[in-house]
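Presented below is the structure to which this report refers.
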Amino acid sequence: MNYVLYAVPFFFLLIGIELIADRLRGKSSYRAADALNSLSAGVLSTTSGLLTKVVGLLTYTFAWQHLALVEMSASSLWVWLLAFVFYDFCYYWNHRLGHERNVLWAAHSVHHQSEEYNLSTALRQTSTGFLLGWVFYLPMALAGVPPLVFFTVGALNLLYQFWVHTRHVPKLGWLEWIFITPSNHRVHHAQNPVYMDRNYGGVFILWDRLFGTFQEELDEEPVIFGVTTPLASWNPLWANLQFYVQLWRDAVRAESRWDKLRIWFMRTGWRPADVVERYPQAKPDLSRFIKFEVPLGRAQTWYAGLQFALYVVAGTWLLGIGDKASLAGLWLAWAWMAFGLYAIGTWLENRPWARWLELARLALNWPALWAGAALGLLPMGAMGWGLLGLYSLVSLLALFGLSRREAALAV
């Protein structure tokens, strides 16, 4: 069962409730562009996962079939309970090394780039974690945990982590000693020196207390969210590539061949001495920290949000039919999704070419959806084409109206 698919409506319902709580309590934990960027990264991640999940599936199943030391039964309750705890233990080390090694941080950093902390941040996930993340769960296969059990407890672990991404829940007393809570996970998302690289568990905080990586949220040290090298972009593609590009550039610039290789596996932030000397990187002063923002009119923001809704619907549809889709269809869907989310990010950044890119996106929807129908991704009868035509017409009228409004304001 695809638990994430069935959880999607509840995710957005809870985000809506959190927005209402923000208004009632006079808080401001959401900014439209930031939330859309986080959600875009999440939609891109789930779409990418339809193509890349085979890596984890095949490696885990192969190891379980050929290397398992014992045979566990999926019909035994104790196997499920053991697997749930075992998974979180493996997740702790995957998560911890994801912060401590350059190449792993390149994937995981996507989740930390938001400078806000709310339930949309929970959905901000990487599209490249499949490259090395599977390695950390092989001990479960060697121990004999069946694939059905492994993938189910993995999904439950991920779903648990959604609710802890909020600023509205205070410390929860004795639960803080056992479970990951909103308070100790806020610490994890901080860039304050006292909080950095702490509280790695997915469900249980016990691992952090056991291995010396626990840090309590302090009243005297308000959390500043984000990463020490800001993304400074609303582009979900760049969000996934930024740190890889930085590592590649430093590897190319390094004179030593050994440095070119080891930079990928050194502690996060390590750079060759000669590269640091020639290409220094300044870190922002947290005492003068300013969140990334691009001035954008309310109408422009609403337009981006309504366009993004199309990709939420499409992403949910793909989660539902992904197991039945052809490889060619999934690649088409990913390309369509990636280009569309990139165009929305460009719009949110108010780039000079954003409107031309938006026109190209609207035009390309027609051949993309025709190809999708031909590949069996979606039924496209007369009603489907009529809805696409209506959507395109409304979008074009909105674009024209925004352009006229801006021209009038300029005068």
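FYI, nothing fancy with the structure tokens labels: chains A, B, ... in order, residues from 1 per chain, ligands from 1 as they appear.
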| field | Shell around A:Glu277 at 12 Å using only C-alpha atoms, local window under 5 positions removed, as a count of residues only | value | 5
Using only C-alpha atoms, what table do you get, as CSV, when you list each residue of stretch 238-349 of chain A with an atom no more than 7 Å from stretch 84-105 of chain A, its nearest pair of atoms, and their distance in Å rounded to one decimal, rows by chain then rising number?
```
residue,atom,partner,partner_atom,distance
A:Trp264,CA,A:Val103,CA,5.0
A:Phe265,CA,A:Arg101,CA,5.6
A:Met266,CA,A:Arg101,CA,5.6
A:Arg267,CA,A:Arg101,CA,4.5
A:Thr268,CA,A:Asn102,CA,4.4
A:Gly269,CA,A:Asn102,CA,6.8
```
Kindly export the residues of the current selection with N, CA, C and O atoms, as an mmCIF file, in the first residue's frame.
```cif
data_model
loop_
_atom_site.group_PDB
_atom_site.id
_atom_site.type_symbol
_atom_site.label_atom_id
_atom_site.label_comp_id
_atom_site.auth_asym_id
_atom_site.auth_seq_id
_atom_site.Cartn_x
_atom_site.Cartn_y
_atom_site.Cartn_z
ATOM 1 N N TRP A 264 34.720 14.833 -1.813
ATOM 2 C CA TRP A 264 33.365 14.304 -1.818
ATOM 3 C C TRP A 264 33.038 13.575 -0.519
ATOM 4 O O TRP A 264 31.866 13.514 -0.123
ATOM 5 N N PHE A 265 34.052 13.030 0.143
ATOM 6 C CA PHE A 265 33.805 12.176 1.304
ATOM 7 C C PHE A 265 34.326 12.770 2.609
ATOM 8 O O PHE A 265 34.220 12.146 3.657
ATOM 9 N N MET A 266 34.859 13.974 2.544
ATOM 10 C CA MET A 266 35.323 14.643 3.751
ATOM 11 C C MET A 266 34.128 15.203 4.534
ATOM 12 O O MET A 266 32.996 15.226 4.058
ATOM 13 N N ARG A 267 34.428 15.689 5.754
ATOM 14 C CA ARG A 267 33.368 16.276 6.566
ATOM 15 C C ARG A 267 32.722 17.447 5.828
ATOM 16 O O ARG A 267 33.383 18.164 5.078
ATOM 17 N N THR A 268 31.444 17.626 6.062
ATOM 18 C CA THR A 268 30.692 18.671 5.385
ATOM 19 C C THR A 268 31.343 20.038 5.604
ATOM 20 O O THR A 268 31.658 20.415 6.730
ATOM 21 N N GLY A 269 31.529 20.741 4.498
ATOM 22 C CA GLY A 269 32.138 22.069 4.557
ATOM 23 C C GLY A 269 33.630 22.065 4.298
ATOM 24 O O GLY A 269 34.205 23.134 4.063
#
```
| said: Set the distance at 10 Å and use only C-alpha atoms: which residues neighbour stretch 224-228 of chain A once local chain neighbours fewer than 3 positions away are removed? I'd like the list as a PyMOL selection string. | reply: chain A and resi 109-117+186-193+195-196+221+231+269+282-287+289+291
| request: Can you pull out every residue within 9 Å of A:Val169, counting only C-alpha atoms, but drop anything in the same chain fewer than 6 positions away, and send it as a count of residues only? | output: 3
| said: Using Å and a single decimal, report how far atom CA of A:Ser76 sits from atom CA of A:Ile180. | reply: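 Atom CA of A:Ser76 lies 26.5 Å from atom CA of A:Ile180.
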| Length of the atom CA of A:Val43 to atom CA of A:Asn2 vector [Å] |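 Separation of atom CA of A:Val43 and atom CA of A:Asn2: 15.3 Å.
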| query | So which residues of stretch 145-390 of chain A fall under helix (DSSP H, G or I) by DSSP, listed as a ChimeraX atom specification? | reply | /A:147-160,173-177,182-188,206-211,236-253,257-262,273-278,286-288,298-324,327-348,354-374,382-390
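Taking only C-alpha atoms into account, A:Phe151 lies nearest to A:Tyr3 out of the set A:Val252, A:Leu69, A:Tyr3, A:Pro295.
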| field | Residues within 8 Å of stretch 24-36 of chain A, only C-alpha atoms, excluding chain neighbours under 4 positions, as a list of chain:residue names | value | A:Leu19, A:Ile20, A:Ser40, A:Ser114, A:Glu115, A:Glu116, A:Tyr117, A:Asn118, A:Ser120, A:Thr121, A:Arg167, A:Trp234, A:Thr301, A:Gly305, A:Phe308, A:Leu348
Keeping only all heavy atoms, write those residues as a short mmCIF file (atom, residue, chain, number, x, y, z; two decimals), in the first residue's frame.
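Saved result, again-v4.cif, follows:
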```
data_model
loop_
_atom_site.label_atom_id
_atom_site.label_comp_id
_atom_site.auth_asym_id
_atom_site.auth_seq_id
_atom_site.Cartn_x
_atom_site.Cartn_y
_atom_site.Cartn_z
N LEU A 19 -2.08 27.13 8.94
CA LEU A 19 -2.23 28.51 8.46
C LEU A 19 -3.28 29.27 9.28
O LEU A 19 -3.09 30.45 9.61
CB LEU A 19 -2.62 28.50 6.97
CG LEU A 19 -1.49 28.22 5.98
CD1 LEU A 19 -2.06 27.92 4.60
CD2 LEU A 19 -0.54 29.41 5.91
N ILE A 20 -4.37 28.58 9.61
CA ILE A 20 -5.40 29.21 10.44
C ILE A 20 -4.84 29.49 11.84
O ILE A 20 -5.07 30.56 12.42
CB ILE A 20 -6.66 28.30 10.53
CG1 ILE A 20 -7.30 28.18 9.14
CG2 ILE A 20 -7.65 28.84 11.55
CD1 ILE A 20 -8.42 27.16 9.08
N SER A 40 7.24 22.40 -4.02
CA SER A 40 7.75 22.03 -5.35
C SER A 40 8.84 20.99 -5.24
O SER A 40 8.88 20.02 -6.01
CB SER A 40 8.30 23.28 -6.06
OG SER A 40 7.27 24.19 -6.37
N SER A 114 14.97 25.64 3.57
CA SER A 114 13.92 26.60 3.90
C SER A 114 14.33 27.41 5.12
O SER A 114 14.83 26.88 6.11
CB SER A 114 12.60 25.89 4.18
OG SER A 114 11.63 26.83 4.64
N GLU A 115 14.08 28.71 5.06
CA GLU A 115 14.37 29.60 6.19
C GLU A 115 13.13 29.82 7.06
O GLU A 115 13.13 30.69 7.93
CB GLU A 115 14.94 30.92 5.66
CG GLU A 115 16.30 30.71 5.02
CD GLU A 115 16.82 31.90 4.21
OE1 GLU A 115 16.05 32.86 4.02
OE2 GLU A 115 17.98 31.85 3.77
N GLU A 116 12.09 29.04 6.78
CA GLU A 116 10.91 28.99 7.63
C GLU A 116 10.81 27.58 8.20
O GLU A 116 11.56 26.68 7.81
CB GLU A 116 9.65 29.32 6.83
CG GLU A 116 9.66 30.67 6.15
CD GLU A 116 9.65 31.84 7.14
OE1 GLU A 116 9.36 31.60 8.34
OE2 GLU A 116 9.93 32.97 6.72
N TYR A 117 9.90 27.39 9.14
CA TYR A 117 9.70 26.06 9.72
C TYR A 117 8.21 25.85 9.91
O TYR A 117 7.60 26.45 10.80
CB TYR A 117 10.44 25.94 11.04
CG TYR A 117 10.50 24.53 11.58
CD1 TYR A 117 11.36 23.59 11.04
CD2 TYR A 117 9.67 24.13 12.63
CE1 TYR A 117 11.42 22.30 11.53
CE2 TYR A 117 9.72 22.84 13.13
CZ TYR A 117 10.60 21.93 12.58
OH TYR A 117 10.66 20.64 13.06
N ASN A 118 7.65 25.03 9.06
CA ASN A 118 6.23 24.75 9.10
C ASN A 118 5.98 23.42 8.42
O ASN A 118 6.93 22.75 7.99
CB ASN A 118 5.44 25.88 8.43
CG ASN A 118 5.98 26.19 7.04
OD1 ASN A 118 6.05 25.31 6.19
ND2 ASN A 118 6.40 27.44 6.81
N SER A 120 4.87 22.64 5.59
CA SER A 120 5.31 22.53 4.19
C SER A 120 6.80 22.15 4.13
O SER A 120 7.23 21.50 3.18
CB SER A 120 5.07 23.84 3.44
OG SER A 120 6.00 24.85 3.80
N THR A 121 7.56 22.53 5.17
CA THR A 121 8.97 22.17 5.22
C THR A 121 9.14 20.66 5.29
O THR A 121 10.11 20.11 4.76
CB THR A 121 9.65 22.82 6.45
OG1 THR A 121 9.31 24.20 6.50
CG2 THR A 121 11.15 22.66 6.39
N ARG A 167 5.97 25.08 14.50
CA ARG A 167 6.37 25.95 15.61
C ARG A 167 5.24 26.14 16.61
O ARG A 167 5.38 26.87 17.58
CB ARG A 167 6.81 27.31 15.05
CG ARG A 167 8.08 27.22 14.20
CD ARG A 167 8.30 28.46 13.36
NE ARG A 167 8.44 29.65 14.18
CZ ARG A 167 8.53 30.88 13.67
NH1 ARG A 167 8.49 31.06 12.35
NH2 ARG A 167 8.68 31.93 14.46
N TRP A 234 14.28 30.21 -5.51
CA TRP A 234 13.02 29.48 -5.41
C TRP A 234 12.95 28.39 -6.48
O TRP A 234 11.88 27.91 -6.82
CB TRP A 234 11.83 30.43 -5.56
CG TRP A 234 11.76 31.56 -4.59
CD1 TRP A 234 11.54 32.87 -4.89
CD2 TRP A 234 11.86 31.50 -3.15
NE1 TRP A 234 11.50 33.63 -3.74
CE2 TRP A 234 11.70 32.81 -2.66
CE3 TRP A 234 12.09 30.46 -2.25
CZ2 TRP A 234 11.76 33.10 -1.30
CZ3 TRP A 234 12.15 30.77 -0.90
CH2 TRP A 234 11.98 32.06 -0.44
N THR A 301 1.70 36.30 -6.95
CA THR A 301 1.84 35.18 -6.02
C THR A 301 0.66 34.23 -6.14
O THR A 301 0.84 33.00 -6.16
CB THR A 301 1.94 35.71 -4.57
OG1 THR A 301 3.05 36.61 -4.46
CG2 THR A 301 2.13 34.56 -3.59
N GLY A 305 0.63 30.25 -7.20
CA GLY A 305 0.00 29.23 -6.37
C GLY A 305 -1.04 28.41 -7.11
O GLY A 305 -1.10 27.18 -6.98
N PHE A 308 0.67 26.11 -9.51
CA PHE A 308 1.31 25.01 -8.79
C PHE A 308 0.30 23.92 -8.42
O PHE A 308 0.63 22.73 -8.36
CB PHE A 308 1.99 25.53 -7.53
CG PHE A 308 2.55 24.44 -6.66
CD1 PHE A 308 3.67 23.72 -7.06
CD2 PHE A 308 1.94 24.12 -5.45
CE1 PHE A 308 4.17 22.70 -6.27
CE2 PHE A 308 2.45 23.11 -4.67
CZ PHE A 308 3.56 22.40 -5.07
N LEU A 348 8.46 33.06 -9.42
CA LEU A 348 8.55 33.54 -8.04
C LEU A 348 9.80 34.40 -7.82
O LEU A 348 9.81 35.27 -6.94
CB LEU A 348 8.57 32.35 -7.06
CG LEU A 348 7.27 31.56 -6.95
CD1 LEU A 348 7.49 30.30 -6.11
CD2 LEU A 348 6.16 32.41 -6.33
#
```
| task | Find the spatial neighbours of A:Asn235, counting only C-alpha atoms, within a cut-off of 7 Å - ignore same-chain residues fewer than 2 positions away - and output them as a PyMOL selection string. | result | chain A and resi 37+233+237-239+342+345-346
| request: Give the answer as one residue: which of A:Val135, A:Ile205, A:Asn365, A:Leu330 has the shortest atom-to-atom distance to A:Tyr391, using only C-alpha atoms? | output: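 Closest residue, counting only C-alpha atoms: A:Asn365.
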| message | Need the shell around A:Gly320: protein/DNA/RNA residues with any atom at most 12 Å away, counting only C-alpha atoms. Skip same-chain ones fewer than 2 positions apart. Format as number ranges by chain? | response | A: 1-8, 46-47, 50, 313-318, 322-325, 377-378
Selection from above, N, CA and C atoms, as a PDB file, in the first residue's frame, can you write it?
```
ATOM      1  N   MET A   1       0.842  -1.196   0.000  1.00  0.00           N
ATOM      2  CA  MET A   1       0.000   0.000   0.000  1.00  0.00           C
ATOM      3  C   MET A   1       0.880   1.250   0.000  1.00  0.00           C
ATOM      4  N   ASN A   2       0.512   2.213  -0.856  1.00  0.00           N
ATOM      5  CA  ASN A   2       1.263   3.463  -0.927  1.00  0.00           C
ATOM      6  C   ASN A   2       0.703   4.427   0.121  1.00  0.00           C
ATOM      7  N   TYR A   3       1.308   4.402   1.318  1.00  0.00           N
ATOM      8  CA  TYR A   3       0.799   5.204   2.421  1.00  0.00           C
ATOM      9  C   TYR A   3       0.912   6.700   2.136  1.00  0.00           C
ATOM     10  N   VAL A   4       1.966   7.099   1.438  1.00  0.00           N
ATOM     11  CA  VAL A   4       2.167   8.519   1.144  1.00  0.00           C
ATOM     12  C   VAL A   4       1.030   9.048   0.284  1.00  0.00           C
ATOM     13  N   LEU A   5       0.592   8.254  -0.698  1.00  0.00           N
ATOM     14  CA  LEU A   5      -0.513   8.668  -1.565  1.00  0.00           C
ATOM     15  C   LEU A   5      -1.760   8.975  -0.749  1.00  0.00           C
ATOM     16  N   TYR A   6      -2.125   8.083   0.173  1.00  0.00           N
ATOM     17  CA  TYR A   6      -3.335   8.283   0.974  1.00  0.00           C
ATOM     18  C   TYR A   6      -3.156   9.393   2.002  1.00  0.00           C
ATOM     19  N   ALA A   7      -1.898   9.719   2.328  1.00  0.00           N
ATOM     20  CA  ALA A   7      -1.649  10.763   3.322  1.00  0.00           C
ATOM     21  C   ALA A   7      -1.702  12.164   2.718  1.00  0.00           C
ATOM     22  N   VAL A   8      -1.579  12.286   1.403  1.00  0.00           N
ATOM     23  CA  VAL A   8      -1.498  13.606   0.756  1.00  0.00           C
ATOM     24  C   VAL A   8      -2.660  14.528   1.150  1.00  0.00           C
ATOM     25  N   THR A  46       8.795  13.163  -5.161  1.00  0.00           N
ATOM     26  CA  THR A  46       7.926  11.998  -5.324  1.00  0.00           C
ATOM     27  C   THR A  46       7.893  11.527  -6.772  1.00  0.00           C
ATOM     28  N   THR A  47       7.931  12.480  -7.718  1.00  0.00           N
ATOM     29  CA  THR A  47       7.959  12.103  -9.131  1.00  0.00           C
ATOM     30  C   THR A  47       9.278  11.424  -9.480  1.00  0.00           C
ATOM     31  N   LEU A  50       9.501   7.747  -8.417  1.00  0.00           N
ATOM     32  CA  LEU A  50       8.891   6.723  -9.264  1.00  0.00           C
ATOM     33  C   LEU A  50       9.917   6.100 -10.203  1.00  0.00           C
ATOM     34  N   VAL A 313      -1.898  18.098  -8.204  1.00  0.00           N
ATOM     35  CA  VAL A 313      -2.868  17.114  -8.704  1.00  0.00           C
ATOM     36  C   VAL A 313      -2.162  16.082  -9.577  1.00  0.00           C
ATOM     37  N   ALA A 314      -1.289  16.546 -10.465  1.00  0.00           N
ATOM     38  CA  ALA A 314      -0.575  15.637 -11.355  1.00  0.00           C
ATOM     39  C   ALA A 314       0.345  14.704 -10.572  1.00  0.00           C
ATOM     40  N   GLY A 315       1.047  15.264  -9.576  1.00  0.00           N
ATOM     41  CA  GLY A 315       1.941  14.440  -8.772  1.00  0.00           C
ATOM     42  C   GLY A 315       1.194  13.375  -7.996  1.00  0.00           C
ATOM     43  N   THR A 316       0.015  13.725  -7.469  1.00  0.00           N
ATOM     44  CA  THR A 316      -0.796  12.752  -6.740  1.00  0.00           C
ATOM     45  C   THR A 316      -1.298  11.665  -7.680  1.00  0.00           C
ATOM     46  N   TRP A 317      -1.712  12.077  -8.878  1.00  0.00           N
ATOM     47  CA  TRP A 317      -2.151  11.103  -9.889  1.00  0.00           C
ATOM     48  C   TRP A 317      -1.016  10.137 -10.241  1.00  0.00           C
ATOM     49  N   LEU A 318       0.177  10.657 -10.408  1.00  0.00           N
ATOM     50  CA  LEU A 318       1.319   9.808 -10.745  1.00  0.00           C
ATOM     51  C   LEU A 318       1.644   8.825  -9.634  1.00  0.00           C
ATOM     52  N   GLY A 322       1.732   5.128 -10.790  1.00  0.00           N
ATOM     53  CA  GLY A 322       3.152   4.975 -11.113  1.00  0.00           C
ATOM     54  C   GLY A 322       3.601   3.547 -11.318  1.00  0.00           C
ATOM     55  N   ASP A 323       3.071   2.615 -10.522  1.00  0.00           N
ATOM     56  CA  ASP A 323       3.493   1.213 -10.636  1.00  0.00           C
ATOM     57  C   ASP A 323       3.056   0.579 -11.953  1.00  0.00           C
ATOM     58  N   LYS A 324       2.056   1.173 -12.600  1.00  0.00           N
ATOM     59  CA  LYS A 324       1.536   0.618 -13.851  1.00  0.00           C
ATOM     60  C   LYS A 324       2.071   1.352 -15.080  1.00  0.00           C
ATOM     61  N   ALA A 325       2.724   2.474 -14.872  1.00  0.00           N
ATOM     62  CA  ALA A 325       3.184   3.298 -15.998  1.00  0.00           C
ATOM     63  C   ALA A 325       4.447   2.723 -16.620  1.00  0.00           C
ATOM     64  N   LEU A 377      -0.552   7.344 -19.647  1.00  0.00           N
ATOM     65  CA  LEU A 377      -0.446   7.969 -18.331  1.00  0.00           C
ATOM     66  C   LEU A 377      -1.769   8.523 -17.839  1.00  0.00           C
ATOM     67  N   LEU A 378      -2.635   8.928 -18.762  1.00  0.00           N
ATOM     68  CA  LEU A 378      -3.904   9.518 -18.373  1.00  0.00           C
ATOM     69  C   LEU A 378      -4.892   9.420 -19.523  1.00  0.00           C
TER      70      LEU A 378
END
```
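Minimum atom-to-atom distance to A:Ala335, evaluated using only C-alpha atoms, belongs to A:Leu51 out of A:Leu51, A:Leu77, A:Trp248, A:Ser403.
Among the residues of stretch 163-274 of chain A, backbone DSSP assigns strand (DSSP E or B) to A:Phe179, A:Ala190, A:Phe204, A:Phe225, A:Arg267.
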Print the selection's residues with C-alpha atoms to a file, as a PDB file, in the first residue's frame.
```pdb
ATOM      1  CA  PHE A 179      10.418  10.531  20.774  1.00  0.00           C
ATOM      2  CA  ALA A 190      18.583  25.388  13.093  1.00  0.00           C
ATOM      3  CA  PHE A 204      13.065   8.105  18.538  1.00  0.00           C
ATOM      4  CA  PHE A 225      16.197  28.179  10.445  1.00  0.00           C
ATOM      5  CA  ARG A 267      33.368  16.276   6.566  1.00  0.00           C
TER       6      ARG A 267
END
```
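A straight line drawn from atom CA of A:Gly376 to atom CA of A:Phe11 is 28.1 Å long.
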